[in-house]
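> You'll find coords_10.pdb just under this line, and it carries PDB, C-alpha atoms.
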```pdb
ATOM      1  CA  MET A   1      -0.469 127.625 109.882
ATOM      2  CA  LEU A   2       1.333 127.490 113.236
ATOM      3  CA  VAL A   3       1.846 123.911 114.459
ATOM      4  CA  LEU A   4       3.067 122.774 117.865
ATOM      5  CA  GLY A   5       4.925 119.458 117.511
ATOM      6  CA  LEU A   6       5.498 116.944 120.335
ATOM      7  CA  GLU A   7       7.924 114.009 120.155
ATOM      8  CA  THR A   8       7.928 111.306 122.876
ATOM      9  CA  SER A   9       8.598 108.032 121.047
ATOM     10  CA  CYS A  10      11.495 106.849 123.207
ATOM     11  CA  ASP A  11      13.978 108.618 125.478
ATOM     12  CA  GLU A  12      13.928 112.225 124.258
ATOM     13  CA  THR A  13      11.217 114.809 124.859
ATOM     14  CA  GLY A  14      11.029 117.183 121.910
ATOM     15  CA  VAL A  15       8.822 120.238 121.392
ATOM     16  CA  ALA A  16       8.835 122.673 118.453
ATOM     17  CA  LEU A  17       6.820 125.413 116.772
ATOM     18  CA  TYR A  18       6.687 125.344 112.979
ATOM     19  CA  ASP A  19       5.063 128.048 110.852
ATOM     20  CA  SER A  20       4.068 127.042 107.322
ATOM     21  CA  GLU A  21       5.065 130.512 106.081
ATOM     22  CA  ARG A  22       8.105 131.369 108.227
ATOM     23  CA  GLY A  23       9.550 127.930 108.942
ATOM     24  CA  LEU A  24      10.831 126.709 112.304
ATOM     25  CA  LEU A  25      10.325 129.348 115.004
ATOM     26  CA  ALA A  26      11.615 127.550 118.105
ATOM     27  CA  ASP A  27      12.429 124.094 119.380
ATOM     28  CA  ALA A  28      13.585 122.473 122.617
ATOM     29  CA  LEU A  29      14.770 119.001 123.535
ATOM     30  CA  PHE A  30      15.422 117.120 126.754
ATOM     31  CA  SER A  31      17.483 113.943 126.453
ATOM     32  CA  GLN A  32      17.118 111.175 129.024
ATOM     33  CA  ILE A  33      20.544 109.656 128.320
ATOM     34  CA  ASP A  34      21.853 110.270 131.832
ATOM     35  CA  LEU A  35      18.709 108.712 133.304
ATOM     36  CA  HIS A  36      19.062 105.464 131.345
ATOM     37  CA  ARG A  37      22.866 105.192 131.123
ATOM     38  CA  VAL A  38      23.163 103.473 134.501
ATOM     39  CA  TYR A  39      20.950 100.657 133.176
ATOM     40  CA  GLY A  40      22.805 100.302 129.877
ATOM     41  CA  GLY A  41      19.663 101.014 127.840
ATOM     42  CA  VAL A  42      16.227 102.590 127.855
ATOM     43  CA  VAL A  43      13.886 101.617 130.702
ATOM     44  CA  PRO A  44      10.379 102.181 129.237
ATOM     45  CA  GLU A  45       8.589 103.052 132.486
ATOM     46  CA  LEU A  46      11.244 105.581 133.474
ATOM     47  CA  ALA A  47      11.086 107.087 129.993
ATOM     48  CA  SER A  48       7.309 107.562 130.218
ATOM     49  CA  ARG A  49       7.476 109.182 133.638
ATOM     50  CA  ASP A  50      10.181 111.601 132.547
ATOM     51  CA  HIS A  51       8.182 112.647 129.476
ATOM     52  CA  VAL A  52       5.317 113.571 131.837
ATOM     53  CA  LYS A  53       7.723 115.641 133.917
ATOM     54  CA  ARG A  54       9.324 117.507 130.994
ATOM     55  CA  MET A  55       6.483 118.077 128.531
ATOM     56  CA  LEU A  56       4.679 121.166 129.862
ATOM     57  CA  PRO A  57       7.846 123.085 130.866
ATOM     58  CA  LEU A  58       9.259 122.504 127.374
ATOM     59  CA  ILE A  59       6.020 123.711 125.756
ATOM     60  CA  ARG A  60       6.150 126.892 127.847
ATOM     61  CA  GLN A  61       9.827 127.356 126.922
ATOM     62  CA  VAL A  62       9.173 127.032 123.192
ATOM     63  CA  LEU A  63       6.200 129.416 123.292
ATOM     64  CA  ASP A  64       8.275 131.986 125.183
ATOM     65  CA  GLU A  65      11.220 131.699 122.780
ATOM     66  CA  ALA A  66       8.938 132.190 119.784
ATOM     67  CA  GLY A  67       7.024 135.030 121.445
ATOM     68  CA  LYS A  68       3.742 133.185 120.968
ATOM     69  CA  GLN A  69       0.685 132.478 123.093
ATOM     70  CA  ALA A  70      -1.483 129.383 123.261
ATOM     71  CA  SER A  71      -4.149 131.296 121.338
ATOM     72  CA  ASP A  72      -1.735 131.588 118.371
ATOM     73  CA  ILE A  73      -1.529 127.813 117.869
ATOM     74  CA  ASP A  74      -3.500 126.554 114.856
ATOM     75  CA  ALA A  75      -2.902 122.805 115.323
ATOM     76  CA  LEU A  76      -0.912 120.159 117.182
ATOM     77  CA  ALA A  77       1.173 117.279 115.837
ATOM     78  CA  TYR A  78       2.421 114.408 117.953
ATOM     79  CA  THR A  79       4.315 111.164 117.414
ATOM     80  CA  ALA A  80       1.761 108.345 117.247
ATOM     81  CA  GLY A  81       4.250 105.558 116.504
ATOM     82  CA  PRO A  82       6.276 103.513 116.122
ATOM     83  CA  GLY A  83       7.910 103.591 119.535
ATOM     84  CA  LEU A  84       7.444 102.688 123.191
ATOM     85  CA  VAL A  85       3.702 102.609 123.867
ATOM     86  CA  GLY A  86       3.892 104.256 127.286
ATOM     87  CA  ALA A  87       6.105 107.049 125.989
ATOM     88  CA  LEU A  88       3.909 107.576 122.925
ATOM     89  CA  LEU A  89       0.812 107.830 125.113
ATOM     90  CA  VAL A  90       2.306 110.767 127.021
ATOM     91  CA  GLY A  91       2.716 112.870 123.880
ATOM     92  CA  ALA A  92      -0.580 111.740 122.357
ATOM     93  CA  SER A  93      -2.662 112.440 125.464
ATOM     94  CA  CYS A  94      -0.993 115.814 126.003
ATOM     95  CA  ALA A  95      -1.545 116.851 122.379
ATOM     96  CA  GLN A  96      -5.169 115.733 122.312
ATOM     97  CA  ALA A  97      -5.931 117.415 125.624
ATOM     98  CA  LEU A  98      -4.445 120.714 124.444
ATOM     99  CA  ALA A  99      -6.194 120.432 121.077
ATOM    100  CA  PHE A 100      -9.528 119.937 122.863
ATOM    101  CA  ALA A 101      -8.889 122.804 125.270
ATOM    102  CA  TRP A 102      -7.743 125.200 122.544
ATOM    103  CA  GLY A 103     -10.335 124.124 119.973
ATOM    104  CA  VAL A 104      -7.812 123.237 117.269
ATOM    105  CA  PRO A 105      -7.131 120.033 115.282
ATOM    106  CA  ALA A 106      -4.456 117.467 116.123
ATOM    107  CA  ILE A 107      -2.719 114.837 114.024
ATOM    108  CA  GLY A 108      -0.642 111.773 114.844
ATOM    109  CA  VAL A 109       2.662 111.617 112.938
ATOM    110  CA  HIS A 110       4.677 108.572 111.918
ATOM    111  CA  HIS A 111       8.035 108.811 113.688
ATOM    112  CA  MET A 112      10.083 107.588 110.715
ATOM    113  CA  GLU A 113       8.255 109.896 108.304
ATOM    114  CA  GLY A 114       9.347 112.688 110.624
ATOM    115  CA  HIS A 115      12.973 111.560 110.320
ATOM    116  CA  LEU A 116      12.661 111.161 106.557
ATOM    117  CA  LEU A 117      11.357 114.727 106.163
ATOM    118  CA  ALA A 118      13.809 116.337 108.636
ATOM    119  CA  PRO A 119      16.193 117.425 105.815
ATOM    120  CA  MET A 120      13.313 119.551 104.487
ATOM    121  CA  LEU A 121      14.050 121.919 107.388
ATOM    122  CA  GLU A 122      17.411 122.839 105.840
ATOM    123  CA  GLU A 123      18.122 125.751 103.469
ATOM    124  CA  GLN A 124      18.646 123.403 100.508
ATOM    125  CA  PRO A 125      16.071 120.627 100.889
ATOM    126  CA  PRO A 126      15.960 117.613  98.569
ATOM    127  CA  ALA A 127      13.451 117.459  95.721
ATOM    128  CA  PHE A 128      11.256 114.429  95.053
ATOM    129  CA  PRO A 129      11.880 111.727  93.984
ATOM    130  CA  PHE A 130      14.837 110.371  95.976
ATOM    131  CA  VAL A 131      16.076 107.287  97.778
ATOM    132  CA  ALA A 132      16.117 107.537 101.575
ATOM    133  CA  LEU A 133      18.304 105.603 104.001
ATOM    134  CA  LEU A 134      16.529 105.593 107.367
ATOM    135  CA  VAL A 135      19.102 104.476 109.883
ATOM    136  CA  SER A 136      18.546 104.677 113.633
ATOM    137  CA  GLY A 137      18.536 102.593 116.798
ATOM    138  CA  GLY A 138      15.362 100.795 115.813
ATOM    139  CA  HIS A 139      15.253 100.982 112.007
ATOM    140  CA  THR A 140      17.492 100.458 109.003
ATOM    141  CA  GLN A 141      15.520 100.823 105.779
ATOM    142  CA  LEU A 142      15.988 101.869 102.176
ATOM    143  CA  VAL A 143      12.923 103.597 100.773
ATOM    144  CA  ARG A 144      12.072 105.112  97.396
ATOM    145  CA  VAL A 145      10.278 108.414  98.042
ATOM    146  CA  ASP A 146       8.171 109.959  95.270
ATOM    147  CA  GLY A 147       6.349 112.395  97.568
ATOM    148  CA  ILE A 148       4.988 112.671 101.086
ATOM    149  CA  GLY A 149       3.200 109.413 101.757
ATOM    150  CA  GLN A 150       4.463 107.869  98.512
ATOM    151  CA  TYR A 151       6.891 105.316  99.889
ATOM    152  CA  GLN A 152       8.190 102.067  98.440
ATOM    153  CA  LEU A 153      10.229  99.883 100.787
ATOM    154  CA  LEU A 154      13.321  98.657  98.922
ATOM    155  CA  GLY A 155      15.155  96.869 101.722
ATOM    156  CA  GLU A 156      15.445  96.646 105.499
ATOM    157  CA  SER A 157      17.383  94.967 108.278
ATOM    158  CA  LEU A 158      16.436  91.346 108.865
ATOM    159  CA  ASP A 159      17.654  91.478 112.490
ATOM    160  CA  ASP A 160      19.458  94.233 114.411
ATOM    161  CA  ALA A 161      19.212  97.764 113.075
ATOM    162  CA  ALA A 162      22.538  99.527 112.532
ATOM    163  CA  GLY A 163      22.112 101.791 115.569
ATOM    164  CA  GLU A 164      21.147  98.821 117.726
ATOM    165  CA  ALA A 165      24.277  96.966 116.582
ATOM    166  CA  PHE A 166      26.401 100.004 117.526
ATOM    167  CA  ASP A 167      24.872 100.069 121.021
ATOM    168  CA  LYS A 168      25.277  96.328 121.610
ATOM    169  CA  THR A 169      28.871  96.278 120.355
ATOM    170  CA  ALA A 170      29.749  99.174 122.640
ATOM    171  CA  LYS A 171      28.109  97.451 125.599
ATOM    172  CA  LEU A 172      30.026  94.194 125.146
ATOM    173  CA  MET A 173      33.284  96.188 125.356
ATOM    174  CA  GLY A 174      32.153  97.971 128.520
ATOM    175  CA  LEU A 175      31.423 101.348 126.898
ATOM    176  CA  ASN A 176      28.718 103.749 128.003
ATOM    177  CA  TYR A 177      25.216 103.971 126.559
ATOM    178  CA  PRO A 178      24.406 105.149 123.904
ATOM    179  CA  GLY A 179      27.061 103.225 122.035
ATOM    180  CA  GLY A 180      27.026 104.934 118.637
ATOM    181  CA  PRO A 181      28.843 108.135 119.670
ATOM    182  CA  GLU A 182      31.252 106.112 121.846
ATOM    183  CA  ILE A 183      32.190 103.820 118.953
ATOM    184  CA  ALA A 184      32.586 106.769 116.574
ATOM    185  CA  LYS A 185      34.861 108.612 119.023
ATOM    186  CA  LEU A 186      37.096 105.579 119.618
ATOM    187  CA  ALA A 187      37.242 104.783 115.888
ATOM    188  CA  GLU A 188      39.086 108.051 115.275
ATOM    189  CA  GLN A 189      42.026 106.617 117.275
ATOM    190  CA  GLY A 190      41.890 103.091 115.835
ATOM    191  CA  THR A 191      44.644 101.357 113.885
ATOM    192  CA  PRO A 192      43.529 100.897 110.258
ATOM    193  CA  GLY A 193      43.749  97.325 109.042
ATOM    194  CA  ARG A 194      44.430  95.631 112.364
ATOM    195  CA  PHE A 195      40.998  94.001 112.230
ATOM    196  CA  VAL A 196      38.839  93.478 109.164
ATOM    197  CA  PHE A 197      35.164  92.708 109.768
ATOM    198  CA  PRO A 198      32.831  91.203 107.133
ATOM    199  CA  ARG A 199      30.470  93.328 105.035
ATOM    200  CA  PRO A 200      27.285  91.297 105.585
ATOM    201  CA  MET A 201      24.980  90.469 102.669
ATOM    202  CA  THR A 202      27.022  92.478 100.156
ATOM    203  CA  ASP A 203      28.156  89.328  98.320
ATOM    204  CA  ARG A 204      24.630  88.601  97.055
ATOM    205  CA  PRO A 205      21.899  90.552  95.237
ATOM    206  CA  GLY A 206      19.294  92.491  97.151
ATOM    207  CA  LEU A 207      18.903  95.520  99.394
ATOM    208  CA  ASP A 208      18.246  93.926 102.796
ATOM    209  CA  PHE A 209      20.648  94.271 105.725
ATOM    210  CA  SER A 210      21.868  92.054 108.559
ATOM    211  CA  PHE A 211      24.031  93.386 111.379
ATOM    212  CA  SER A 212      23.700  90.732 114.116
ATOM    213  CA  GLY A 213      26.655  88.787 112.715
ATOM    214  CA  LEU A 214      28.893  91.848 113.005
ATOM    215  CA  LYS A 215      28.020  92.076 116.674
ATOM    216  CA  THR A 216      29.047  88.421 117.158
ATOM    217  CA  PHE A 217      32.265  88.996 115.175
ATOM    218  CA  ALA A 218      33.080  91.951 117.428
ATOM    219  CA  LEU A 219      32.403  89.868 120.563
ATOM    220  CA  ASN A 220      34.713  87.070 119.399
ATOM    221  CA  THR A 221      37.443  89.582 118.501
ATOM    222  CA  TRP A 222      37.104  91.305 121.873
ATOM    223  CA  GLN A 223      37.330  87.998 123.756
ATOM    224  CA  GLN A 224      40.452  87.013 121.804
ATOM    225  CA  CYS A 225      42.086  90.313 122.737
ATOM    226  CA  ARG A 226      41.260  89.817 126.416
ATOM    227  CA  ASP A 227      42.495  86.210 126.424
ATOM    228  CA  SER A 228      45.777  87.133 124.735
ATOM    229  CA  GLY A 229      46.565  89.936 127.206
ATOM    230  CA  ASP A 230      46.411  92.736 124.625
ATOM    231  CA  ASP A 231      46.259  96.400 125.555
ATOM    232  CA  LEU A 232      42.481  96.534 125.980
ATOM    233  CA  ASP A 233      42.205 100.305 125.556
ATOM    234  CA  GLN A 234      43.854 100.080 122.130
ATOM    235  CA  ALA A 235      41.866  96.952 121.316
ATOM    236  CA  ARG A 236      38.643  98.891 121.912
ATOM    237  CA  ARG A 237      39.791 101.601 119.519
ATOM    238  CA  ASP A 238      40.793  99.120 116.817
ATOM    239  CA  ILE A 239      37.588  97.076 117.113
ATOM    240  CA  ALA A 240      35.541 100.281 117.059
ATOM    241  CA  LEU A 241      37.242 101.350 113.827
ATOM    242  CA  ALA A 242      36.815  97.950 112.161
ATOM    243  CA  PHE A 243      33.182  97.712 113.229
ATOM    244  CA  GLN A 244      32.330 101.232 112.065
ATOM    245  CA  GLN A 245      34.070 100.680 108.727
ATOM    246  CA  ALA A 246      32.078  97.478 108.168
ATOM    247  CA  VAL A 247      28.724  99.144 108.924
ATOM    248  CA  VAL A 248      29.491 102.272 106.903
ATOM    249  CA  GLU A 249      30.753 100.388 103.851
ATOM    250  CA  THR A 250      27.807  97.980 103.975
ATOM    251  CA  LEU A 251      25.333 100.865 104.077
ATOM    252  CA  THR A 252      27.180 102.639 101.260
ATOM    253  CA  ILE A 253      27.187  99.562  99.010
ATOM    254  CA  LYS A 254      23.453  99.017  99.514
ATOM    255  CA  CYS A 255      22.672 102.718  98.923
ATOM    256  CA  LYS A 256      24.595 102.620  95.640
ATOM    257  CA  ARG A 257      22.619  99.552  94.574
ATOM    258  CA  ALA A 258      19.336 101.214  95.486
ATOM    259  CA  LEU A 259      20.161 104.351  93.497
ATOM    260  CA  LYS A 260      21.170 102.354  90.423
ATOM    261  CA  GLN A 261      18.087 100.138  90.706
ATOM    262  CA  SER A 262      15.756 103.144  90.965
ATOM    263  CA  GLY A 263      17.560 105.267  88.375
ATOM    264  CA  LEU A 264      17.864 108.172  90.834
ATOM    265  CA  ASN A 265      20.894 110.169  91.960
ATOM    266  CA  SER A 266      19.549 111.919  95.087
ATOM    267  CA  LEU A 267      19.959 110.263  98.472
ATOM    268  CA  VAL A 268      18.545 111.351 101.828
ATOM    269  CA  ILE A 269      19.994 109.886 105.031
ATOM    270  CA  ALA A 270      17.976 110.348 108.212
ATOM    271  CA  GLY A 271      17.823 109.020 111.753
ATOM    272  CA  GLY A 272      20.334 109.072 114.605
ATOM    273  CA  VAL A 273      23.098 107.178 112.783
ATOM    274  CA  SER A 274      22.962 109.718 109.929
ATOM    275  CA  ALA A 275      24.961 112.036 112.198
ATOM    276  CA  ASN A 276      27.953 109.659 111.929
ATOM    277  CA  LYS A 277      30.751 111.586 110.177
ATOM    278  CA  ALA A 278      32.301 108.526 108.539
ATOM    279  CA  LEU A 279      28.951 107.527 107.033
ATOM    280  CA  ARG A 280      28.390 111.022 105.646
ATOM    281  CA  GLU A 281      31.874 111.114 104.137
ATOM    282  CA  HIS A 282      31.487 107.733 102.429
ATOM    283  CA  LEU A 283      28.067 108.585 101.020
ATOM    284  CA  GLU A 284      29.181 112.027  99.820
ATOM    285  CA  ARG A 285      32.142 110.437  98.043
ATOM    286  CA  MET A 286      29.926 107.798  96.469
ATOM    287  CA  LEU A 287      27.303 110.328  95.308
ATOM    288  CA  GLY A 288      30.070 112.547  93.942
ATOM    289  CA  GLU A 289      31.259 109.684  91.745
ATOM    290  CA  MET A 290      27.671 109.175  90.581
ATOM    291  CA  LYS A 291      27.226 112.909  89.848
ATOM    292  CA  GLY A 292      24.495 112.994  92.475
ATOM    293  CA  LYS A 293      23.943 114.549  95.885
ATOM    294  CA  VAL A 294      23.315 113.410  99.437
ATOM    295  CA  PHE A 295      21.039 115.347 101.806
ATOM    296  CA  TYR A 296      20.797 115.190 105.578
ATOM    297  CA  ALA A 297      19.602 117.260 108.504
ATOM    298  CA  ARG A 298      21.888 119.186 110.819
ATOM    299  CA  PRO A 299      23.136 116.921 113.678
ATOM    300  CA  ARG A 300      20.596 118.104 116.274
ATOM    301  CA  PHE A 301      17.737 117.149 113.938
ATOM    302  CA  CYS A 302      19.170 113.693 113.197
ATOM    303  CA  THR A 303      18.196 112.363 116.613
ATOM    304  CA  ASP A 304      14.578 112.419 117.807
ATOM    305  CA  ASN A 305      13.221 115.974 117.944
ATOM    306  CA  GLY A 306      10.007 117.963 117.903
ATOM    307  CA  ALA A 307      10.885 119.987 114.791
ATOM    308  CA  MET A 308      10.579 117.023 112.440
ATOM    309  CA  ILE A 309       7.198 116.093 113.946
ATOM    310  CA  ALA A 310       5.900 119.663 113.666
ATOM    311  CA  TYR A 311       7.014 119.855 110.015
ATOM    312  CA  ALA A 312       5.617 116.462 109.001
ATOM    313  CA  GLY A 313       2.364 117.162 110.837
ATOM    314  CA  CYS A 314       2.036 120.570 109.217
ATOM    315  CA  GLN A 315       2.265 119.083 105.707
ATOM    316  CA  ARG A 316      -0.547 116.620 106.426
ATOM    317  CA  LEU A 317      -2.673 119.219 108.207
ATOM    318  CA  LEU A 318      -2.350 121.576 105.222
ATOM    319  CA  ALA A 319      -3.601 118.708 103.066
ATOM    320  CA  GLY A 320      -6.736 118.511 105.218
ATOM    321  CA  GLN A 321      -5.837 115.537 107.391
ATOM    322  CA  HIS A 322      -6.523 115.491 111.131
ATOM    323  CA  GLU A 323      -7.569 113.098 113.895
ATOM    324  CA  ASP A 324     -10.626 112.740 116.081
ATOM    325  CA  LEU A 325     -10.198 113.087 119.848
ATOM    326  CA  ALA A 326      -9.378 109.404 120.392
ATOM    327  CA  ILE A 327      -5.893 108.761 121.793
ATOM    328  CA  LYS A 328      -4.356 106.206 119.433
ATOM    329  CA  VAL A 329      -0.725 105.099 119.261
ATOM    330  CA  GLN A 330       1.034 102.194 117.550
ATOM    331  CA  ALA A 331       4.190 100.438 118.710
ATOM    332  CA  ARG A 332       4.584  99.057 115.176
ATOM    333  CA  TRP A 333       3.427 100.956 112.112
ATOM    334  CA  PRO A 334       4.573 100.256 108.514
ATOM    335  CA  MET A 335       5.398 103.563 106.862
ATOM    336  CA  GLU A 336       4.146 102.282 103.495
ATOM    337  CA  SER A 337       0.608 102.232 104.939
ATOM    338  CA  LEU A 338       0.514 106.047 105.210
ATOM    339  CA  PRO A 339      -1.832 107.883 102.817
ATOM    340  CA  ALA A 340      -0.230 109.914 100.053
ATOM    341  CA  LEU A 341      -0.681 113.687  99.889
TER
END
```
What would you get if you wrote out this structure as structure tokens?

Amino acid sequence: MLVLGLETSCDETGVALYDSERGLLADALFSQIDLHRVYGGVVPELASRDHVKRMLPLIRQVLDEAGKQASDIDALAYTAGPGLVGALLVGASCAQALAFAWGVPAIGVHHMEGHLLAPMLEEQPPAFPFVALLVSGGHTQLVRVDGIGQYQLLGESLDDAAGEAFDKTAKLMGLNYPGGPEIAKLAEQGTPGRFVFPRPMTDRPGLDFSFSGLKTFALNTWQQCRDSGDDLDQARRDIALAFQQAVVETLTIKCKRALKQSGLNSLVIAGGVSANKALREHLERMLGEMKGKVFYARPRFCTDNGAMIAYAGCQRLLAGQHEDLAIKVQARWPMESLPAL
């Protein structure tokens, strides 16, 4: 089965072709970072308009790269949520229109299920069951995964997601959007031990997260540095390092708890923050001590992309699932509500 996948949940337009027999044939991505950077964050209306502009050229590009024609497509998969409603509607309406015109089925895919399954695109994919850490700009969740659609939420952020906290901390120090890569880059030049940030909610039982307090701690530290006349360039580096260490160690502690609680020793990390090198190193070290293994997608499939949507959609289509021609998207959509395969 050859599936064309479309991703338009936020500020990246992703298109990919996935073959159930041959794997990923081609994929293309257009990031809107430069468009939104001047505003310090995503502007939903601008995001929707740019998806409209980029979608068809990217589809043509992917078909050309794969040497395929529209008549070769067996089905379409598109992101139906969660995400920005206007952006989601662009991908959904495009997919449904093409499915109607080509006489093939279409299916709406859960964005976070796409992220969760992205490591399945690698040469050594994880085997079920495993614990997944979904960590991105909008979500921080720990999930037990026993199969596609068999999800048990173990813990989640009670306020800011980890990626959101990265972006907000970067913004308060005057760094560019998106903040995650900026913080990670500065952290490499930080002075270890100059600042020590708290590890929130690690001093009590449970698997939930809270990162809003770290953002406030960073703001207070930054203001103290400014008021005392410190070298602000070095202060940014040192705060970035302390902040990143706090987030990474907090995530690592909670992942270890989740693995012990579930009795598993396989961990999948997915979502934009999973590309963070420090996080990968900490989790690999922790899983090594537990005689387990951590799995993640290559960096370009950690952020939003069409390949993960094409793969996730293909698995559900092969199981006989598909949608009617109604265009339906959801800004909020609990992943645990998905049917099991």
> Neighbouring residues of A:Ser9 were defined as those with any atom within 12 Å, considering only C-alpha atoms; residues of the same chain fewer than 3 positions away were excluded. Please report them as number ranges by chain.
A: 6, 12-14, 31, 42, 44, 47-48, 51, 78-92, 108-112, 114, 138, 303-306, 309, 329-332
> Interatomic distance between atom CA of A:Ala240 and atom CA of A:Ile183?
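Interatomic distance, atom CA of A:Ala240 to atom CA of A:Ile183: 5.2 Å.
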> For the file shown, report as a compact mmCIF listing (two decimals) with C-alpha atoms, in the coordinates of the input the outcome of the PyMOL selection byres ((chain A and resi 280) around 12) at residue level.

```
# COMPACT_ATOMS: atom_id res chain seq x y z
CA LEU A 133 18.30 105.60 104.00
CA VAL A 248 29.49 102.27 106.90
CA GLU A 249 30.75 100.39 103.85
CA LEU A 251 25.33 100.86 104.08
CA THR A 252 27.18 102.64 101.26
CA LEU A 267 19.96 110.26 98.47
CA VAL A 268 18.55 111.35 101.83
CA ILE A 269 19.99 109.89 105.03
CA ALA A 270 17.98 110.35 108.21
CA VAL A 273 23.10 107.18 112.78
CA SER A 274 22.96 109.72 109.93
CA ALA A 275 24.96 112.04 112.20
CA ASN A 276 27.95 109.66 111.93
CA LYS A 277 30.75 111.59 110.18
CA ALA A 278 32.30 108.53 108.54
CA LEU A 279 28.95 107.53 107.03
CA GLU A 281 31.87 111.11 104.14
CA HIS A 282 31.49 107.73 102.43
CA LEU A 283 28.07 108.58 101.02
CA GLU A 284 29.18 112.03 99.82
CA ARG A 285 32.14 110.44 98.04
CA MET A 286 29.93 107.80 96.47
CA LEU A 287 27.30 110.33 95.31
CA GLY A 288 30.07 112.55 93.94
CA LYS A 293 23.94 114.55 95.88
CA VAL A 294 23.32 113.41 99.44
CA PHE A 295 21.04 115.35 101.81
CA TYR A 296 20.80 115.19 105.58
CA ALA A 297 19.60 117.26 108.50
CA ARG A 298 21.89 119.19 110.82
CA PRO A 299 23.14 116.92 113.68
```
> What separation in Å, quoted to one decimal, exists between atom CA of A:Asp203 and atom CA of A:Ala165?
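Separation between atom CA of A:Asp203 and atom CA of A:Ala165: 20.2 Å.
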> Quick one: pull the distance between atom CA of A:Leu117 and atom CA of A:Tyr311, Å, one decimal.
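Taking atom CA of A:Leu117 as the start and atom CA of A:Tyr311 as the end point, the length is 7.7 Å.
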> Considering only C-alpha atoms, return as a list in words whatever protein or nucleic-acid residues lie within 8 Å of A:Leu317, sequence-local ones (same chain, fewer than 5 positions apart) excluded.
Ala75, Ile107 and His322 of chain A
> Output: stretch 178-189 of chain A of the preceding structure, restricted to N, CA, C and O atoms, written as a PDB file, in the first residue's frame.

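This is the output file out-v8.pdb:
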```pdb
ATOM      1  N   PRO A 178      12.789  29.398  17.423  1.00  0.00           N
ATOM      2  CA  PRO A 178      12.400  28.644  18.609  1.00  0.00           C
ATOM      3  C   PRO A 178      13.530  28.548  19.620  1.00  0.00           C
ATOM      4  O   PRO A 178      14.707  28.506  19.249  1.00  0.00           O
ATOM      5  N   GLY A 179      13.159  28.494  20.900  1.00  0.00           N
ATOM      6  CA  GLY A 179      14.141  28.616  21.958  1.00  0.00           C
ATOM      7  C   GLY A 179      14.926  27.360  22.264  1.00  0.00           C
ATOM      8  O   GLY A 179      16.058  27.448  22.751  1.00  0.00           O
ATOM      9  N   GLY A 180      14.356  26.181  22.003  1.00  0.00           N
ATOM     10  CA  GLY A 180      15.037  24.940  22.347  1.00  0.00           C
ATOM     11  C   GLY A 180      16.436  24.821  21.774  1.00  0.00           C
ATOM     12  O   GLY A 180      17.409  24.618  22.519  1.00  0.00           O
ATOM     13  N   PRO A 181      16.598  24.955  20.442  1.00  0.00           N
ATOM     14  CA  PRO A 181      17.942  24.869  19.863  1.00  0.00           C
ATOM     15  C   PRO A 181      18.876  25.974  20.356  1.00  0.00           C
ATOM     16  O   PRO A 181      20.084  25.747  20.498  1.00  0.00           O
ATOM     17  N   GLU A 182      18.332  27.171  20.624  1.00  0.00           N
ATOM     18  CA  GLU A 182      19.152  28.272  21.120  1.00  0.00           C
ATOM     19  C   GLU A 182      19.694  27.957  22.510  1.00  0.00           C
ATOM     20  O   GLU A 182      20.872  28.174  22.804  1.00  0.00           O
ATOM     21  N   ILE A 183      18.820  27.448  23.387  1.00  0.00           N
ATOM     22  CA  ILE A 183      19.249  27.079  24.735  1.00  0.00           C
ATOM     23  C   ILE A 183      20.301  25.981  24.679  1.00  0.00           C
ATOM     24  O   ILE A 183      21.332  26.029  25.375  1.00  0.00           O
ATOM     25  N   ALA A 184      20.049  24.958  23.851  1.00  0.00           N
ATOM     26  CA  ALA A 184      20.982  23.831  23.754  1.00  0.00           C
ATOM     27  C   ALA A 184      22.356  24.284  23.265  1.00  0.00           C
ATOM     28  O   ALA A 184      23.387  23.812  23.760  1.00  0.00           O
ATOM     29  N   LYS A 185      22.379  25.203  22.301  1.00  0.00           N
ATOM     30  CA  LYS A 185      23.649  25.700  21.762  1.00  0.00           C
ATOM     31  C   LYS A 185      24.426  26.488  22.810  1.00  0.00           C
ATOM     32  O   LYS A 185      25.635  26.311  22.978  1.00  0.00           O
ATOM     33  N   LEU A 186      23.729  27.369  23.547  1.00  0.00           N
ATOM     34  CA  LEU A 186      24.388  28.160  24.581  1.00  0.00           C
ATOM     35  C   LEU A 186      24.860  27.293  25.738  1.00  0.00           C
ATOM     36  O   LEU A 186      25.889  27.560  26.357  1.00  0.00           O
ATOM     37  N   ALA A 187      24.093  26.239  26.057  1.00  0.00           N
ATOM     38  CA  ALA A 187      24.437  25.371  27.187  1.00  0.00           C
ATOM     39  C   ALA A 187      25.797  24.718  27.010  1.00  0.00           C
ATOM     40  O   ALA A 187      26.485  24.424  27.998  1.00  0.00           O
ATOM     41  N   GLU A 188      26.203  24.499  25.769  1.00  0.00           N
ATOM     42  CA  GLU A 188      27.501  23.873  25.508  1.00  0.00           C
ATOM     43  C   GLU A 188      28.646  24.748  25.982  1.00  0.00           C
ATOM     44  O   GLU A 188      29.752  24.262  26.224  1.00  0.00           O
ATOM     45  N   GLN A 189      28.402  26.066  26.135  1.00  0.00           N
ATOM     46  CA  GLN A 189      29.448  27.002  26.561  1.00  0.00           C
ATOM     47  C   GLN A 189      29.231  27.490  27.993  1.00  0.00           C
ATOM     48  O   GLN A 189      29.904  28.420  28.450  1.00  0.00           O
TER      49      GLN A 189
END
```
